[in-house]
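Novice: This structure is in structure tokens; I'll ask about it shortly.
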Amino acid sequence: EAAAPAAADAADGPPPANKGIGLVHDVIGEYALPKPWFYSAATPLDIWRQLGVRVRSSEEVDENGVRQHIVAPQPPELYRPFGEAEETSLLDMEGNVVPHEQNPGVRIEQDFVSEDEEEQILQELRDLARTHGYDFASPDEETEQLSWRITGRDEKRSDLPLAPWGWGVDFDKGKLPPGLGKVVENIEK
């Protein structure tokens, strides 16, 4: 574990919001997973705009305006326990099964979309990759398996336009293509 608290020089004032986030990570194998708490001089609203997460903030503020924020978790009873689907489907980067105690919260839902919906979503994603995506593949990936990133967040990685649905507080699920919009609708149920 290594902490990277964001502290500002008192003479310079608080750091800009996009540099004010410091995370503490749990290292699990080769993964550095952010814990749901961090230090920042940013306001909860600024954190929501940057990270897209709601936070609870401590009352204590240090001399540089930095306070501890905790990602507001969902109650665990809202989620089903890990089961066989996760044990057989969730693999690490080396192809090894991720045991339940190292699962960061991923649940596998079999048949979440129908085969027809799956084909629609795949076509939507192919079209979006051409118009709004950028190559996110590792150098050794085969052409048919290339990874693409499509986001409404400006990551300064492509000359293509941003995805129309936006990001963070500006996210508009009404601008998702129909297949992806149905997935969001199903998740929200």
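Identifiers in the structure tokens: chain A, B, ... in order shown; residue index from 1 per chain; ligand index from 1 in order shown.
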Excluding region 97-107 of chain A and any residue of its chain fewer than 5 positions from it, enumerate the residues within 7 Å of it, using only C-alpha atoms, and give them as a ChimeraX atom specification.

Specialist: /A:82,86-88,90-92

Novice: Write the residues of the selection above to a file with N, CA, C and O atoms, as a short mmCIF file (atom, residue, chain, number, x, y, z; two decimals), in the first residue's frame.

Specialist:
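Result written to again.cif:
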```cif
data_model
loop_
_atom_site.label_atom_id
_atom_site.label_comp_id
_atom_site.auth_asym_id
_atom_site.auth_seq_id
_atom_site.Cartn_x
_atom_site.Cartn_y
_atom_site.Cartn_z
N PHE A 82 -20.96 -13.80 -4.62
CA PHE A 82 -20.24 -14.38 -5.75
C PHE A 82 -20.63 -15.84 -5.86
O PHE A 82 -20.90 -16.51 -4.87
N GLU A 86 -18.88 -16.41 -11.51
CA GLU A 86 -17.68 -15.59 -11.32
C GLU A 86 -16.44 -16.49 -11.23
O GLU A 86 -15.39 -16.17 -11.81
N GLU A 87 -16.57 -17.60 -10.53
CA GLU A 87 -15.42 -18.48 -10.35
C GLU A 87 -14.94 -19.07 -11.68
O GLU A 87 -13.75 -19.27 -11.88
N THR A 88 -15.86 -19.31 -12.60
CA THR A 88 -15.46 -19.93 -13.87
C THR A 88 -15.20 -18.91 -14.98
O THR A 88 -14.59 -19.25 -15.98
N LEU A 90 -14.26 -15.22 -14.45
CA LEU A 90 -13.40 -14.07 -14.17
C LEU A 90 -11.95 -14.52 -14.09
O LEU A 90 -11.58 -15.29 -13.21
N LEU A 91 -11.15 -14.05 -15.05
CA LEU A 91 -9.75 -14.44 -15.13
C LEU A 91 -8.84 -13.23 -15.03
O LEU A 91 -9.21 -12.12 -15.43
N ASP A 92 -7.62 -13.42 -14.53
CA ASP A 92 -6.64 -12.33 -14.50
C ASP A 92 -5.93 -12.26 -15.85
O ASP A 92 -6.26 -13.00 -16.79
#
```

Novice: So which one's closest to Pro178 (chain A), A:Thr151, A:Ser57, A:Asn64, A:Gln123? Using only C-alpha atoms, please.

Specialist: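 Checking each of A:Thr151, A:Ser57, A:Asn64, A:Gln123 against Pro178 (chain A), counting only C-alpha atoms, the winner is A:Gln123.
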
Novice: Just the helix (DSSP H, G or I) stuff from region 104-142 of chain A, please, per backbone DSSP, written as a PyMOL selection string.

Specialist: chain A and resi 115-132

Novice: By how many Å are CA of Ile187 (chain A) and CA of Arg56 (chain A) apart?

Specialist: 24.0 Å

Novice: Compile the contact shell of Ile70 (chain A) as a PyMOL selection string: residues with an atom at most 7 Å away, counting only C-alpha atoms, same-chain residues fewer than 2 positions apart removed.

Specialist: chain A and resi 36-38+55-57+68+72

Novice: Keeping N, CA and C atoms for every residue in the selection just given, could you write it to a file as a short mmCIF file (atom, residue, chain, number, x, y, z; two decimals), in the first residue's frame?

Specialist:
```cif
data_model
loop_
_atom_site.label_atom_id
_atom_site.label_comp_id
_atom_site.auth_asym_id
_atom_site.auth_seq_id
_atom_site.Cartn_x
_atom_site.Cartn_y
_atom_site.Cartn_z
N PRO A 36 -11.62 2.79 -2.06
CA PRO A 36 -12.65 3.81 -2.27
C PRO A 36 -12.48 5.04 -1.41
N TRP A 37 -11.27 5.36 -0.97
CA TRP A 37 -11.05 6.61 -0.25
C TRP A 37 -9.76 7.25 -0.73
N PHE A 38 -9.71 8.56 -0.65
CA PHE A 38 -8.57 9.30 -1.17
C PHE A 38 -8.57 10.69 -0.55
N VAL A 55 -19.15 11.08 -3.27
CA VAL A 55 -18.26 10.87 -2.13
C VAL A 55 -18.89 11.41 -0.86
N ARG A 56 -18.44 10.86 0.26
CA ARG A 56 -18.70 11.44 1.57
C ARG A 56 -17.38 12.04 2.00
N SER A 57 -17.41 13.24 2.53
CA SER A 57 -16.19 13.94 2.88
C SER A 57 -16.05 14.06 4.39
N GLN A 68 -10.15 14.10 3.56
CA GLN A 68 -10.34 12.72 3.11
C GLN A 68 -11.75 12.59 2.54
N ALA A 72 -18.86 6.82 -1.87
CA ALA A 72 -20.08 6.39 -1.20
C ALA A 72 -20.48 5.01 -1.74
#
```

Novice: With only C-alpha atoms as the counted atoms, please give the residues lying no more than 7 Å from region 108-118 of chain A, apart from itself and same-chain residues fewer than 3 positions off, as a PDB file with C-alpha atoms, in the first residue's frame.

Specialist:
```
ATOM      1  CA  ALA A  85     -20.337 -17.902 -12.769  1.00  0.00           C
ATOM      2  CA  GLU A  86     -17.677 -15.591 -11.321  1.00  0.00           C
ATOM      3  CA  ILE A 121     -24.855  -4.036 -29.517  1.00  0.00           C
ATOM      4  CA  LEU A 122     -21.805  -5.451 -31.308  1.00  0.00           C
ATOM      5  CA  GLY A 179     -28.899  -1.440 -27.917  1.00  0.00           C
TER       6      GLY A 179
END
```

Novice: Of the candidates A:Pro164, A:Pro81, A:Pro177, A:Gly133, which shows the shortest atom-to-atom distance to Ser147 (chain A), using only C-alpha atoms?

Specialist: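 The shortest atom-to-atom distance to Ser147 (chain A) comes from A:Gly133.
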
Novice: Would you mind listing what lies within 12 Å of Asp172 (chain A) as a ChimeraX atom specification, with only C-alpha atoms counted and same-chain residues fewer than 4 positions away left out?

Specialist: /A:152,163-168,176-177,181,184

Novice: Find the distance between CA of Thr131 (chain A) and CA of Met93 (chain A) and write it in Å to one decimal.

Specialist: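 Taking CA of Thr131 (chain A) as the start and CA of Met93 (chain A) as the end point, the length is 28.8 Å.
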
Novice: What does the distance between CA of Leu45 (chain A) and CA of His69 (chain A) come to in Å, to one decimal place?

Specialist: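 One can read the CA of Leu45 (chain A) to CA of His69 (chain A) distance as 11.7 Å.
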
Novice: Between A:Glu155, A:Glu188, A:Phe136, A:Leu51, which residue has the minimum interatomic distance to Val71 (chain A), considering only C-alpha atoms?

Specialist: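 Checking each candidate against Val71 (chain A), we get A:Leu51 as the closest.
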